[in-house]
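**Q** Below you'll find protein.csv; it's CSV, C-alpha atoms and all ligand atoms.
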chain,number,residue,atom,x,y,z
A,270,MET,CA,0.0,0.0,0.0
A,271,SER,CA,1.5,3.3,-1.1
A,272,THR,CA,0.6,6.6,0.6
A,273,PRO,CA,-0.7,9.4,-1.6
A,274,VAL,CA,1.3,12.6,-1.5
A,275,VAL,CA,-1.0,15.1,0.2
A,276,VAL,CA,-0.5,18.6,-1.3
A,277,ASP,CA,-2.2,21.6,0.1
A,278,THR,CA,-1.0,24.5,-2.1
A,279,VAL,CA,-1.8,25.3,-5.7
A,280,ARG,CA,1.9,25.8,-6.4
A,281,GLY,CA,2.9,22.5,-4.9
A,282,MET,CA,0.2,20.7,-7.0
A,283,ARG,CA,1.4,22.4,-10.2
A,284,GLU,CA,5.0,21.6,-9.5
A,285,ALA,CA,4.4,17.9,-8.6
A,286,LEU,CA,2.3,17.4,-11.8
A,287,ALA,CA,4.8,19.3,-14.0
A,288,SER,CA,7.4,16.7,-13.2
A,289,GLU,CA,4.9,13.8,-13.8
A,290,ARG,CA,4.1,15.3,-17.2
A,291,ALA,CA,7.7,15.9,-18.0
A,292,ALA,CA,8.2,12.1,-17.5
A,293,GLY,CA,5.4,11.5,-20.1
A,294,ARG,CA,2.7,10.5,-17.6
A,295,THR,CA,-1.0,11.3,-18.1
A,296,VAL,CA,-3.1,12.6,-15.3
A,297,ALA,CA,-6.7,11.9,-14.1
A,298,LEU,CA,-8.5,14.1,-11.6
A,299,THR,CA,-11.4,13.1,-9.4
A,300,PRO,CA,-12.8,16.2,-7.7
A,301,THR,CA,-14.6,15.5,-4.3
A,302,LEU,CA,-15.8,17.1,-1.2
A,303,GLY,CA,-14.3,14.3,0.8
A,304,ALA,CA,-16.2,12.0,3.2
A,305,LEU,CA,-15.3,9.3,0.7
A,306,HIS,CA,-17.4,6.1,0.2
A,307,GLU,CA,-17.4,3.2,-2.3
A,308,GLY,CA,-19.0,5.5,-4.9
A,309,HIS,CA,-15.9,7.7,-4.9
A,310,LEU,CA,-13.6,4.7,-4.8
A,311,ALA,CA,-15.2,3.5,-8.1
A,312,HIS,CA,-13.9,6.7,-9.6
A,313,VAL,CA,-10.3,6.1,-8.6
A,314,VAL,CA,-10.5,2.5,-9.8
A,315,ARG,CA,-11.8,3.6,-13.2
A,316,ALA,CA,-9.2,6.5,-13.3
A,317,ALA,CA,-6.4,3.9,-13.0
A,318,GLU,CA,-7.6,2.6,-16.4
A,319,LEU,CA,-7.6,6.1,-17.9
A,320,ALA,CA,-4.4,7.7,-16.8
A,321,ASP,CA,-1.0,7.0,-15.3
A,322,VAL,CA,-1.2,9.4,-12.4
A,323,ARG,CA,-4.3,9.8,-10.2
A,324,VAL,CA,-5.2,12.9,-8.3
A,325,VAL,CA,-8.1,13.2,-5.9
A,326,SER,CA,-9.1,16.7,-4.8
A,327,ILE,CA,-10.7,16.9,-1.4
A,328,PHE,CA,-12.1,20.4,-0.8
A,329,VAL,CA,-15.3,21.2,1.0
A,330,ASN,CA,-16.1,24.2,-1.3
A,331,PRO,CA,-17.9,26.7,0.9
A,332,THR,CA,-19.3,28.7,-2.0
A,333,GLN,CA,-21.5,25.9,-3.3
A,334,PHE,CA,-23.3,25.4,0.1
A,335,THR,CA,-26.4,27.7,0.1
A,336,VAL,CA,-27.4,26.8,3.7
A,337,PRO,CA,-24.7,27.5,6.3
A,338,GLU,CA,-25.8,24.6,8.5
A,339,ASP,CA,-25.2,22.2,5.6
A,340,LEU,CA,-21.6,23.5,5.3
A,341,GLU,CA,-21.1,23.1,9.0
A,342,ARG,CA,-22.4,19.6,9.2
A,343,TYR,CA,-20.6,18.3,6.1
A,344,PRO,CA,-18.3,15.6,7.4
A,345,ARG,CA,-14.6,16.3,7.3
A,346,THR,CA,-12.7,13.0,7.4
A,347,LEU,CA,-9.4,13.8,5.7
A,348,ASP,CA,-7.3,11.1,7.5
A,349,SER,CA,-9.7,8.2,6.7
A,350,ASP,CA,-10.2,9.6,3.2
A,351,VAL,CA,-6.4,9.5,2.6
A,352,ALA,CA,-6.2,6.0,4.1
A,353,GLN,CA,-8.9,4.8,1.7
A,354,LEU,CA,-7.1,6.4,-1.3
A,355,ALA,CA,-3.8,4.9,-0.1
A,356,ALA,CA,-5.4,1.4,-0.2
A,357,ARG,CA,-6.3,2.1,-3.9
A,358,GLY,CA,-2.9,3.3,-4.8
A,359,VAL,CA,-3.9,6.9,-5.5
A,360,ASP,CA,-0.8,9.1,-6.2
A,361,TYR,CA,-1.8,12.6,-5.0
A,362,VAL,CA,-4.5,14.1,-2.8
A,363,PHE,CA,-5.0,17.8,-3.4
A,364,ALA,CA,-6.5,19.1,-0.1
A,365,PRO,CA,-6.2,22.9,-0.1
A,366,SER,CA,-7.6,25.2,2.6
A,367,VAL,CA,-10.4,27.7,1.9
A,368,GLU,CA,-7.8,30.5,2.0
A,369,GLU,CA,-5.6,28.7,-0.6
A,370,MET,CA,-8.5,28.4,-3.0
A,371,TYR,CA,-10.1,31.8,-2.2
A,372,PRO,CA,-7.3,34.0,-1.0
A,373,SER,CA,-9.4,37.2,-1.5
A,374,GLY,CA,-12.7,35.6,-0.6
A,375,PRO,CA,-15.2,34.1,-3.1
A,376,THR,CA,-14.1,34.9,-6.6
A,377,GLU,CA,-15.6,38.0,-8.3
A,378,THR,CA,-15.3,36.1,-11.6
A,379,LYS,CA,-17.7,33.2,-11.8
A,380,VAL,CA,-18.8,30.6,-14.3
A,381,THR,CA,-22.5,30.7,-14.8
A,382,ALA,CA,-24.4,27.5,-15.2
A,383,GLY,CA,-27.2,29.2,-17.3
A,384,LYS,CA,-30.9,28.3,-17.2
A,385,VAL,CA,-30.5,24.6,-16.4
A,386,GLY,CA,-28.4,25.6,-13.5
A,387,THR,CA,-31.5,27.3,-12.0
A,388,MET,CA,-33.7,24.2,-12.4
A,389,TYR,CA,-34.2,21.1,-10.2
A,390,GLU,CA,-31.3,21.2,-7.7
A,391,GLY,CA,-30.6,24.8,-8.7
A,392,ALA,CA,-34.1,25.8,-7.9
A,393,SER,CA,-33.8,24.8,-4.2
A,394,ARG,CA,-30.1,25.9,-4.0
A,395,PRO,CA,-29.8,29.2,-5.9
A,396,GLY,CA,-26.2,29.9,-7.1
A,397,HIS,CA,-25.2,26.3,-6.2
A,398,PHE,CA,-24.2,25.3,-9.8
A,399,ASP,CA,-22.5,28.6,-10.6
A,400,ALA,CA,-20.3,27.9,-7.5
A,401,VAL,CA,-19.8,24.2,-8.5
A,402,LEU,CA,-18.7,25.1,-12.1
A,403,THR,CA,-16.5,27.9,-10.8
A,404,VAL,CA,-14.6,25.6,-8.4
A,405,VAL,CA,-14.5,22.8,-11.0
A,406,ALA,CA,-12.9,25.3,-13.5
A,407,LYS,CA,-10.4,26.3,-10.8
A,408,LEU,CA,-9.5,22.7,-10.1
A,409,LEU,CA,-9.2,21.8,-13.8
A,410,ASN,CA,-6.9,24.8,-14.2
A,411,ILE,CA,-4.7,23.9,-11.2
A,412,VAL,CA,-4.4,20.2,-12.1
A,413,GLN,CA,-4.8,20.3,-15.9
A,414,PRO,CA,-5.8,16.7,-16.0
A,415,ASP,CA,-6.1,14.7,-19.3
A,416,VAL,CA,-9.3,13.2,-17.9
A,417,ALA,CA,-11.6,14.1,-15.0
A,418,THR,CA,-14.2,11.8,-13.5
A,419,PHE,CA,-17.7,12.9,-12.4
A,420,GLY,CA,-20.5,10.8,-10.9
A,421,GLN,CA,-23.6,9.9,-12.8
A,422,LYS,CA,-25.4,10.1,-9.5
A,423,ASP,CA,-25.2,13.9,-9.8
A,424,ALA,CA,-26.6,13.9,-13.3
A,425,GLN,CA,-27.4,17.6,-13.4
A,426,GLN,CA,-23.9,18.5,-12.3
A,427,LEU,CA,-22.4,16.1,-14.8
A,428,PHE,CA,-24.5,17.6,-17.6
A,429,LEU,CA,-23.4,21.1,-16.6
A,430,VAL,CA,-19.7,20.2,-16.3
A,431,ARG,CA,-19.8,18.6,-19.7
A,432,ARG,CA,-21.4,21.7,-21.1
A,433,MET,CA,-18.9,24.0,-19.5
A,434,VAL,CA,-16.0,21.9,-20.9
A,435,ALA,CA,-17.6,22.1,-24.4
A,436,ASP,CA,-18.6,25.8,-24.1
A,437,LEU,CA,-15.2,27.0,-22.8
A,438,ASN,CA,-13.1,24.6,-24.9
A,439,LEU,CA,-11.5,23.1,-21.8
A,440,ASN,CA,-8.8,20.6,-22.7
A,441,VAL,CA,-10.1,17.7,-20.6
A,442,ARG,CA,-12.1,14.6,-21.2
A,443,VAL,CA,-15.0,14.1,-18.8
A,444,GLU,CA,-15.6,10.5,-17.8
A,445,ALA,CA,-19.0,9.6,-16.2
A,446,ILE,CA,-18.8,7.1,-13.4
A,447,GLU,CA,-21.8,4.9,-12.7
A,448,THR,CA,-23.7,5.2,-9.5
A,449,VAL,CA,-22.8,2.7,-6.8
A,450,ARG,CA,-25.8,1.4,-4.8
A,451,GLU,CA,-26.6,-0.4,-1.6
A,452,ALA,CA,-28.2,-3.8,-1.9
A,453,ASP,CA,-31.7,-2.3,-1.7
A,454,GLY,CA,-30.9,0.2,-4.5
A,455,LEU,CA,-30.2,3.3,-2.5
A,456,ALA,CA,-27.5,5.4,-4.3
A,457,LEU,CA,-24.4,5.9,-2.1
A,458,SER,CA,-24.1,9.4,-0.9
A,459,SER,CA,-22.2,11.1,1.9
A,460,ARG,CA,-25.6,12.3,3.1
A,461,ASN,CA,-26.9,8.8,3.8
A,462,ARG,CA,-25.1,8.8,7.1
A,463,PHE,CA,-27.6,11.5,8.3
A,464,LEU,CA,-30.6,9.2,7.8
A,465,GLY,CA,-32.3,7.7,10.9
A,466,PRO,CA,-33.2,4.0,10.7
A,467,LYS,CA,-36.8,4.7,9.5
A,468,GLU,CA,-35.7,7.3,7.0
A,469,ARG,CA,-33.0,4.9,5.7
A,470,HIS,CA,-35.7,2.3,5.2
A,471,ALA,CA,-38.0,4.8,3.4
A,472,ALA,CA,-35.1,6.0,1.2
A,473,ARG,CA,-35.2,2.8,-0.8
A,474,VAL,CA,-38.3,4.1,-2.6
A,475,LEU,CA,-36.4,6.6,-4.6
A,476,SER,CA,-34.5,4.0,-6.6
A,477,ALA,CA,-37.6,1.8,-6.6
A,478,ALA,CA,-39.5,4.7,-8.2
A,479,LEU,CA,-36.9,5.1,-10.9
A,480,GLU,CA,-36.9,1.4,-11.6
A,481,ALA,CA,-40.6,1.5,-11.9
A,482,ALA,CA,-40.4,4.4,-14.4
A,483,ALA,CA,-37.8,2.5,-16.5
A,484,SER,CA,-40.0,-0.7,-16.5
A,485,ALA,CA,-43.0,1.3,-17.7
A,486,SER,CA,-41.1,3.5,-20.1
A,487,ASP,CA,-42.2,1.6,-23.2
A,488,GLY,CA,-45.6,3.2,-22.6
A,489,GLY,CA,-44.2,6.7,-22.9
A,490,ILE,CA,-43.7,9.6,-20.5
A,491,ASP,CA,-47.1,9.5,-18.8
A,492,ALA,CA,-46.8,5.8,-18.0
A,493,ALA,CA,-43.3,6.2,-16.7
A,494,LEU,CA,-44.2,9.1,-14.5
A,495,ALA,CA,-47.3,7.4,-13.2
A,496,ALA,CA,-45.3,4.2,-12.3
A,497,ALA,CA,-42.7,6.2,-10.4
A,498,GLN,CA,-45.4,8.2,-8.6
A,499,GLY,CA,-47.2,5.0,-7.7
A,500,ALA,CA,-44.0,3.6,-6.1
A,501,LEU,CA,-43.5,6.8,-4.1
A,502,MET,CA,-47.0,7.0,-2.8
A,503,GLY,CA,-47.6,5.7,0.6
A,504,GLU,CA,-44.1,6.4,1.8
A,505,ASN,CA,-44.9,9.3,4.0
A,506,LEU,CA,-41.4,9.9,5.3
A,507,VAL,CA,-40.4,10.9,1.8
A,508,ALA,CA,-41.4,14.5,0.8
A,509,LEU,CA,-41.0,14.6,-2.9
A,510,ASP,CA,-39.3,17.8,-4.3
A,511,TYR,CA,-39.3,16.9,-8.0
A,512,LEU,CA,-39.7,13.9,-10.3
A,513,LYS,CA,-39.0,14.7,-13.9
A,514,ILE,CA,-38.0,13.0,-17.1
A,515,VAL,CA,-35.5,15.1,-19.0
A,516,HIS,CA,-33.7,14.9,-22.3
A,517,PRO,CA,-30.0,13.8,-22.0
A,518,LYS,CA,-28.8,16.4,-24.5
A,519,THR,CA,-30.6,19.5,-23.0
A,520,PHE,CA,-31.6,18.4,-19.4
A,521,VAL,CA,-35.0,20.0,-19.9
A,522,PRO,CA,-38.2,17.9,-19.5
A,523,VAL,CA,-39.1,16.0,-22.6
A,524,ASP,CA,-42.4,16.8,-24.4
A,525,ASP,CA,-45.5,14.6,-24.3
A,526,GLY,CA,-45.2,12.1,-27.1
A,527,TYR,CA,-41.4,12.2,-27.1
A,528,SER,CA,-39.8,8.8,-27.8
A,529,GLY,CA,-36.1,8.1,-27.3
A,530,PRO,CA,-33.4,8.2,-24.6
A,531,ALA,CA,-34.2,10.2,-21.5
A,532,ILE,CA,-33.2,10.5,-17.8
A,533,ALA,CA,-35.7,10.2,-14.9
A,534,ILE,CA,-34.5,12.5,-12.1
A,535,VAL,CA,-35.9,12.6,-8.5
A,536,ALA,CA,-35.2,14.6,-5.4
A,537,ALA,CA,-36.8,14.3,-2.0
A,538,GLN,CA,-36.4,15.4,1.6
A,539,LEU,CA,-36.3,12.7,4.3
A,540,GLY,CA,-36.3,14.6,7.6
A,541,ASP,CA,-33.3,17.0,7.4
A,542,THR,CA,-31.7,15.1,4.6
A,543,ARG,CA,-32.1,15.8,0.9
A,544,LEU,CA,-31.5,12.9,-1.5
A,545,ILE,CA,-31.3,12.8,-5.2
A,546,ASP,CA,-31.1,10.0,-7.7
A,547,ASN,CA,-31.6,9.4,-11.4
A,548,GLN,CA,-31.9,6.6,-14.0
A,549,SER,CA,-31.5,6.5,-17.8
A,550,LEU,CA,-34.4,5.0,-19.7
A,551,TYR,CA,-35.8,4.8,-23.2
A,552,LEU,CA,-39.3,6.2,-23.7
A,553,GLY,CA,-41.4,4.3,-26.3
B,1,LIG,O1,-19.9,16.6,-6.6
B,1,LIG,C1,-19.0,17.1,-5.8
B,1,LIG,O2,-18.5,16.4,-4.9
B,1,LIG,C2,-18.7,18.6,-5.8
B,1,LIG,O3,-19.8,19.3,-6.3
B,1,LIG,C3,-17.5,18.9,-6.7
B,1,LIG,C4,-17.6,18.5,-8.1
B,1,LIG,C5,-16.3,18.2,-6.0
B,1,LIG,C6,-17.2,20.4,-6.7
B,1,LIG,O4,-17.0,20.9,-5.4
As structure tokens - that is how I would like this structure written.
Ligand code: PAF
**A**
Amino acid sequence: MSTPVVVDTVRGMREALASERAAGRTVALTPTLGALHEGHLAHVVRAAELADVRVVSIFVNPTQFTVPEDLERYPRTLDSDVAQLAARGVDYVFAPSVEEMYPSGPTETKVTAGKVGTMYEGASRPGHFDAVLTVVAKLLNIVQPDVATFGQKDAQQLFLVRRMVADLNLNVRVEAIETVREADGLALSSRNRFLGPKERHAARVLSAALEAAASASDGGIDAALAAAQGALMGENLVALDYLKIVHPKTFVPVDDGYSGPAIAIVAAQLGDTRLIDNQSLYLG
């Protein structure tokens, strides 16, 4: 088991990677907020197939938290994160302080996520996606990876990152990593630890609803949505925020009568914890 080199300055990260590149090695970046679980570890396993050198950034980006309590309660587990990454042979952990990333406070210059950035997750967390894209742009500029991994679980974020990379001609390949699930289908998330036993049990209906939508998708959008709503009904610990079927190329809801590939997205509140999930399907 090797220990990743933990770097906490922008300059240190750039210098370390300059020598890797000078030796002809390619670089993969997995950006994270830390509190790593098997879902993140799937990224670093895949990254090993994509590049010679693996960098994981661990930075609890304050600007993307719209509720101060969420930022406060976000778990900071650097030592155990580094130990998990060591067990997977990751080369570098970039773990800068807030002052290192934002020496003059939140940046005046920001990437805007556009209209899709104000929908779904963006509707309940105004400014969240602008902040995510801004910090991702900073991380991509610092690390300059050949490839960067983003989770399919955060489908809206993945869509927006891909669009930023295309719109701004960023020189990086974005690799989507499939969602890792518990045995009952619940998507792994660092927020799952906040669920009480009853909420944890209820949370399984989110993936069950998406499965139901996929199974009914031959019948079109109405059938898929009705099947998902049916699965959610009766689980009164789950307060549904949205359930939508969106087009993979635009991330806006598909029209009635649309037939083709789509993504069902869902978000719900369980007690104090907000969970999201999604599933690709094919509408008949
Ligand atoms: O998905 C996350 O963990 C974060 O939004 C990211 C991409 C690391 C940016 O802070």
**Q** Mind checking which residues fall within 6 Å of region 360-362 of chain A, counting all atoms listed in the file, ignoring those fewer than 3 positions away in the same chain, and posting them as a ChimeraX atom specification?
**A** /A:273-275,323-326
**Q** Just want the residues within 7 Å of ligand LIG 1 (chain B), written as a list of chain:residue names, counting only C-alpha atoms and all ligand atoms.
**A** A:Pro300, A:Thr301, A:Leu302, A:Phe328, A:Val329, A:Asn330, A:Val401, A:Val404, A:Val405, A:Asp423
**Q** Can you work out which one of A:Ala320, A:Ala304, A:Leu427, A:Met370 has the shortest atom-to-atom distance to Ser349 (chain A), counting all atoms listed in the file?
**A**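 Among the listed residues, the smallest separation from Ser349 (chain A) belongs to A:Ala304.
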**Q** Which residue is closest to Asn461 (chain A)? Choose from A:Leu539, A:Ala392, A:Val443, A:Val322 and count only C-alpha atoms.
**A**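 Ranked by minimum distance to Asn461 (chain A), first place goes to A:Leu539.
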**Q** A:Leu506, A:Leu286, A:Val276, A:Val351: which is nearest Gly303 (chain A), counting all atoms listed in the file?
**A**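 Distance minimum relative to Gly303 (chain A) lands on A:Val351.
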**Q** List the neighbours of Val380 (chain A) out to 6 Å using all atoms listed in the file; skip same-chain residues closer than 6 positions along the sequence, and give me the result as an NGL selection string.
**A** :A and (399 or 402-403)
**Q** So that I can see what lies close to region 509-512 of chain A, please list as a PyMOL selection string the residues with an atom at most 10 Å from it, counting only C-alpha atoms and leaving out residues fewer than 2 positions away in the same chain.
**A** chain A and resi 389-390+393+475+478-479+494+497-498+501-502+504-507+514-515+533-539+543-547
**Q** Let me see the file: selected residues, C-alpha atoms, as a PDB file, in the coordinates of the input.
**A**
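Writing the result to again-v2.pdb gives the following:
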ATOM      1  CA  TYR A 389     -34.200  21.100 -10.200  1.00  0.00           C
ATOM      2  CA  GLU A 390     -31.300  21.200  -7.700  1.00  0.00           C
ATOM      3  CA  SER A 393     -33.800  24.800  -4.200  1.00  0.00           C
ATOM      4  CA  LEU A 475     -36.400   6.600  -4.600  1.00  0.00           C
ATOM      5  CA  ALA A 478     -39.500   4.700  -8.200  1.00  0.00           C
ATOM      6  CA  LEU A 479     -36.900   5.100 -10.900  1.00  0.00           C
ATOM      7  CA  LEU A 494     -44.200   9.100 -14.500  1.00  0.00           C
ATOM      8  CA  ALA A 497     -42.700   6.200 -10.400  1.00  0.00           C
ATOM      9  CA  GLN A 498     -45.400   8.200  -8.600  1.00  0.00           C
ATOM     10  CA  LEU A 501     -43.500   6.800  -4.100  1.00  0.00           C
ATOM     11  CA  MET A 502     -47.000   7.000  -2.800  1.00  0.00           C
ATOM     12  CA  GLU A 504     -44.100   6.400   1.800  1.00  0.00           C
ATOM     13  CA  ASN A 505     -44.900   9.300   4.000  1.00  0.00           C
ATOM     14  CA  LEU A 506     -41.400   9.900   5.300  1.00  0.00           C
ATOM     15  CA  VAL A 507     -40.400  10.900   1.800  1.00  0.00           C
ATOM     16  CA  ILE A 514     -38.000  13.000 -17.100  1.00  0.00           C
ATOM     17  CA  VAL A 515     -35.500  15.100 -19.000  1.00  0.00           C
ATOM     18  CA  ALA A 533     -35.700  10.200 -14.900  1.00  0.00           C
ATOM     19  CA  ILE A 534     -34.500  12.500 -12.100  1.00  0.00           C
ATOM     20  CA  VAL A 535     -35.900  12.600  -8.500  1.00  0.00           C
ATOM     21  CA  ALA A 536     -35.200  14.600  -5.400  1.00  0.00           C
ATOM     22  CA  ALA A 537     -36.800  14.300  -2.000  1.00  0.00           C
ATOM     23  CA  GLN A 538     -36.400  15.400   1.600  1.00  0.00           C
ATOM     24  CA  LEU A 539     -36.300  12.700   4.300  1.00  0.00           C
ATOM     25  CA  ARG A 543     -32.100  15.800   0.900  1.00  0.00           C
ATOM     26  CA  LEU A 544     -31.500  12.900  -1.500  1.00  0.00           C
ATOM     27  CA  ILE A 545     -31.300  12.800  -5.200  1.00  0.00           C
ATOM     28  CA  ASP A 546     -31.100  10.000  -7.700  1.00  0.00           C
ATOM     29  CA  ASN A 547     -31.600   9.400 -11.400  1.00  0.00           C
TER      30      ASN A 547
END
**Q** Between CA of Leu340 (chain A) and CA of Val434 (chain A), what is the distance in Å, rounded to a tenth?
**A** 26.8 Å
**Q** Report the distance between CA of Phe363 (chain A) and CA of Thr387 (chain A) in Å, rounded to one decimal place.
**A** 29.4 Å
**Q** By how many Å are CA of Pro365 (chain A) and CA of Val385 (chain A) apart?
**A**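 Rounded to one decimal, the two atoms are 29.3 Å apart.
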**Q** Looking at all atoms listed in the file, which of A:Ser271, A:Gln426, A:Ser486, A:Thr378 is the one that sits closest to Val359 (chain A)?
**A**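 Distance minimum relative to Val359 (chain A) lands on A:Ser271.
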**Q** Skip Ala406 (chain A) itself and residues of its chain fewer than 2 positions away, then list as a ChimeraX atom specification all residues within 12 Å of it, counting all atoms listed in the file.
**A** /A:300,370,376,378-382,398-404,408-414,417,429-434,437-441
**Q** Excluding Lys518 (chain A) and its own-chain neighbours fewer than 5 positions away, which residues fall within 10 Å of it when counting only C-alpha atoms? Please give them as a ChimeraX atom specification.
**A** /A:428,432,530-532
**Q** Which is closer to Arg342 (chain A) than all the others in A:Phe463, A:Arg280, A:Leu305, A:Thr418, using all atoms listed in the file?
**A** A:Phe463
**Q** For Thr335 (chain A), which residue out of A:Met282, A:Gly391, A:Gly293, A:Leu550 is the nearest one, using all atoms listed in the file?
**A**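 Using all atoms listed in the file, the shortest distance to Thr335 (chain A) belongs to A:Gly391.
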